[in-house]
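Colleague: Please find one structure pasted underneath; my questions will follow.
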Amino acid sequence: MTVFSSDEIRSEALFVSDLQRSQQPTPELIREAVTETVDRLGESGCAALVAQEFGEHPDCALGRMQWARTAVRTAFAA
């Protein structure tokens, strides 16, 4: 399993993943989604898609990023 040190990268990866808040994902599913997304898109690919979503759908993107940050902090807590 790939380990990422930055909550920012993890949050961006979760944001652009297929995982949805409505699925009430477990910490394990969140960690898996983050790893798979970064492996597939790379850090810069995740960042680019986040920027695109904020440009195209700023009203929805803010709530999703807030969820992603909270979920990442919980899932990757020491």
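Chains: A, B, ... in order of the structure tokens. Residues: from 1 per chain. Ligands: from 1, in order shown.
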Would you mind listing what lies within 8 Å of Ala13 of chain A as a compact mmCIF listing (two decimals) with all heavy atoms, in the first residue's frame, with only C-alpha atoms counted and same-chain residues fewer than 6 positions away left out?
Modeller:
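Result saved to around.txt:
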```
# COMPACT_ATOMS: atom_id res chain seq x y z
N ALA A 33 -9.60 4.19 -1.44
CA ALA A 33 -9.95 5.11 -2.53
C ALA A 33 -8.83 6.11 -2.77
O ALA A 33 -8.49 6.42 -3.92
CB ALA A 33 -11.26 5.84 -2.20
N VAL A 34 -8.24 6.62 -1.70
CA VAL A 34 -7.14 7.57 -1.82
C VAL A 34 -5.95 6.92 -2.53
O VAL A 34 -5.39 7.47 -3.49
CB VAL A 34 -6.73 8.11 -0.43
CG1 VAL A 34 -5.39 8.84 -0.48
CG2 VAL A 34 -7.82 9.03 0.12
N THR A 35 -5.58 5.74 -2.08
CA THR A 35 -4.44 5.05 -2.67
C THR A 35 -4.67 4.76 -4.15
O THR A 35 -3.81 5.04 -4.99
CB THR A 35 -4.16 3.74 -1.91
OG1 THR A 35 -3.86 4.06 -0.55
CG2 THR A 35 -3.00 2.97 -2.52
N THR A 37 -6.71 6.20 -6.25
CA THR A 37 -6.82 7.42 -7.06
C THR A 37 -5.45 8.05 -7.31
O THR A 37 -5.15 8.45 -8.43
CB THR A 37 -7.77 8.43 -6.38
OG1 THR A 37 -9.05 7.80 -6.20
CG2 THR A 37 -7.95 9.67 -7.23
N VAL A 38 -4.60 8.12 -6.28
CA VAL A 38 -3.26 8.68 -6.48
C VAL A 38 -2.43 7.77 -7.39
O VAL A 38 -1.72 8.26 -8.26
CB VAL A 38 -2.55 8.94 -5.14
CG1 VAL A 38 -1.11 9.37 -5.37
CG2 VAL A 38 -3.29 10.01 -4.35
N GLU A 43 -0.29 12.72 -8.21
CA GLU A 43 -0.61 13.89 -7.40
C GLU A 43 -1.06 15.06 -8.26
O GLU A 43 -2.05 15.73 -7.95
CB GLU A 43 0.59 14.30 -6.56
CG GLU A 43 0.93 13.31 -5.48
CD GLU A 43 2.17 13.69 -4.70
OE1 GLU A 43 2.57 14.88 -4.72
OE2 GLU A 43 2.74 12.80 -4.05
N CYS A 46 -4.60 14.59 -9.69
CA CYS A 46 -5.64 14.85 -8.69
C CYS A 46 -5.86 16.36 -8.55
O CYS A 46 -6.99 16.84 -8.56
CB CYS A 46 -5.26 14.25 -7.34
SG CYS A 46 -5.28 12.45 -7.29
N ALA A 47 -4.76 17.10 -8.43
CA ALA A 47 -4.84 18.55 -8.27
C ALA A 47 -5.53 19.20 -9.47
O ALA A 47 -6.35 20.11 -9.31
CB ALA A 47 -3.46 19.14 -8.06
```
Colleague: Do a neighbour search on segment 18-21 of chain A at 10 Å with only C-alpha atoms, toss out local chain neighbours closer than 3 positions, and write the hits as a list in words.
Modeller: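 Listing them by chain and then by number gives Ala13, Leu14, Phe15, Gln24, Pro25, Leu29, Ile30, Glu32, Ala33, Val34, Thr37, Arg64, Trp67, Ala68 and Ala71 of chain A.
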Colleague: Write the residues of the selection above to a file with N, CA, C and O atoms, as a short mmCIF file (atom, residue, chain, number, x, y, z; two decimals), in the first residue's frame.
Modeller:
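The result, stored in out-v4.cif:
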```cif
data_model
loop_
_atom_site.label_atom_id
_atom_site.label_comp_id
_atom_site.auth_asym_id
_atom_site.auth_seq_id
_atom_site.Cartn_x
_atom_site.Cartn_y
_atom_site.Cartn_z
N ALA A 13 -7.22 13.58 -3.56
CA ALA A 13 -7.47 12.25 -4.14
C ALA A 13 -8.87 11.77 -3.78
O ALA A 13 -9.59 11.24 -4.64
N LEU A 14 -9.27 11.93 -2.54
CA LEU A 14 -10.61 11.51 -2.15
C LEU A 14 -11.66 12.34 -2.87
O LEU A 14 -12.67 11.82 -3.34
N PHE A 15 -11.42 13.63 -3.00
CA PHE A 15 -12.33 14.53 -3.70
C PHE A 15 -12.62 14.05 -5.12
O PHE A 15 -13.77 14.06 -5.56
N GLN A 24 -21.45 6.59 3.07
CA GLN A 24 -20.95 6.49 4.45
C GLN A 24 -19.76 5.54 4.52
O GLN A 24 -19.79 4.53 5.23
N PRO A 25 -18.71 5.87 3.77
CA PRO A 25 -17.56 4.95 3.67
C PRO A 25 -16.81 4.81 5.00
O PRO A 25 -16.71 5.76 5.77
N LEU A 29 -12.26 2.01 3.49
CA LEU A 29 -12.65 2.34 2.11
C LEU A 29 -12.08 3.68 1.68
O LEU A 29 -11.69 3.85 0.52
N ILE A 30 -12.02 4.62 2.60
CA ILE A 30 -11.45 5.93 2.29
C ILE A 30 -9.97 5.79 1.96
O ILE A 30 -9.49 6.32 0.96
N GLU A 32 -8.41 3.14 0.89
CA GLU A 32 -8.30 2.42 -0.39
C GLU A 32 -8.57 3.35 -1.56
O GLU A 32 -7.87 3.31 -2.57
N ALA A 33 -9.60 4.19 -1.44
CA ALA A 33 -9.95 5.11 -2.53
C ALA A 33 -8.83 6.11 -2.77
O ALA A 33 -8.49 6.42 -3.92
N VAL A 34 -8.24 6.62 -1.70
CA VAL A 34 -7.14 7.57 -1.82
C VAL A 34 -5.95 6.92 -2.53
O VAL A 34 -5.39 7.47 -3.49
N THR A 37 -6.71 6.20 -6.25
CA THR A 37 -6.82 7.42 -7.06
C THR A 37 -5.45 8.05 -7.31
O THR A 37 -5.15 8.45 -8.43
N ARG A 64 -17.94 19.18 -1.06
CA ARG A 64 -17.24 17.90 -1.24
C ARG A 64 -15.83 17.98 -0.66
O ARG A 64 -15.36 17.03 -0.04
N TRP A 67 -15.98 17.72 3.11
CA TRP A 67 -16.18 16.33 3.48
C TRP A 67 -14.88 15.53 3.33
O TRP A 67 -14.50 14.77 4.21
N ALA A 68 -14.20 15.73 2.19
CA ALA A 68 -12.97 14.99 1.93
C ALA A 68 -11.92 15.27 3.00
O ALA A 68 -11.26 14.34 3.49
N ALA A 71 -13.00 13.54 6.26
CA ALA A 71 -12.90 12.09 6.11
C ALA A 71 -11.45 11.63 6.13
O ALA A 71 -11.12 10.61 6.74
#
```
Colleague: Suppose you want the space between atom CA of Glu28 of chain A and atom CA of Phe76 of chain A; what is it in Å?
Modeller: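 We find that atom CA of Glu28 of chain A and atom CA of Phe76 of chain A lie 9.2 Å from each other.
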Colleague: If I take atom CA of Ala75 of chain A and atom CA of Gly55 of chain A, how far is one from the other in Å, to one decimal?
Modeller: 27.5 Å
Colleague: Can you work out which one of A:Thr26, A:Ser6, A:Thr74, A:Ser11 has the shortest atom-to-atom distance to Val50 of chain A, counting only C-alpha atoms?
Modeller: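 When distances to Val50 of chain A are compared using only C-alpha atoms, the smallest one comes from A:Ser11.
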Colleague: Calculate how many Å separate atom CA of Gly45 of chain A from atom CA of Arg69 of chain A, rounding to one decimal.
Modeller: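 These atoms are spaced 17.9 Å apart.
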Colleague: Extract the full set of alpha helix (DSSP H) residues from chain A according to DSSP on the backbone, and format it as a VMD selection string.
Modeller: chain A and resid 7 to 16 27 to 56 58 to 75
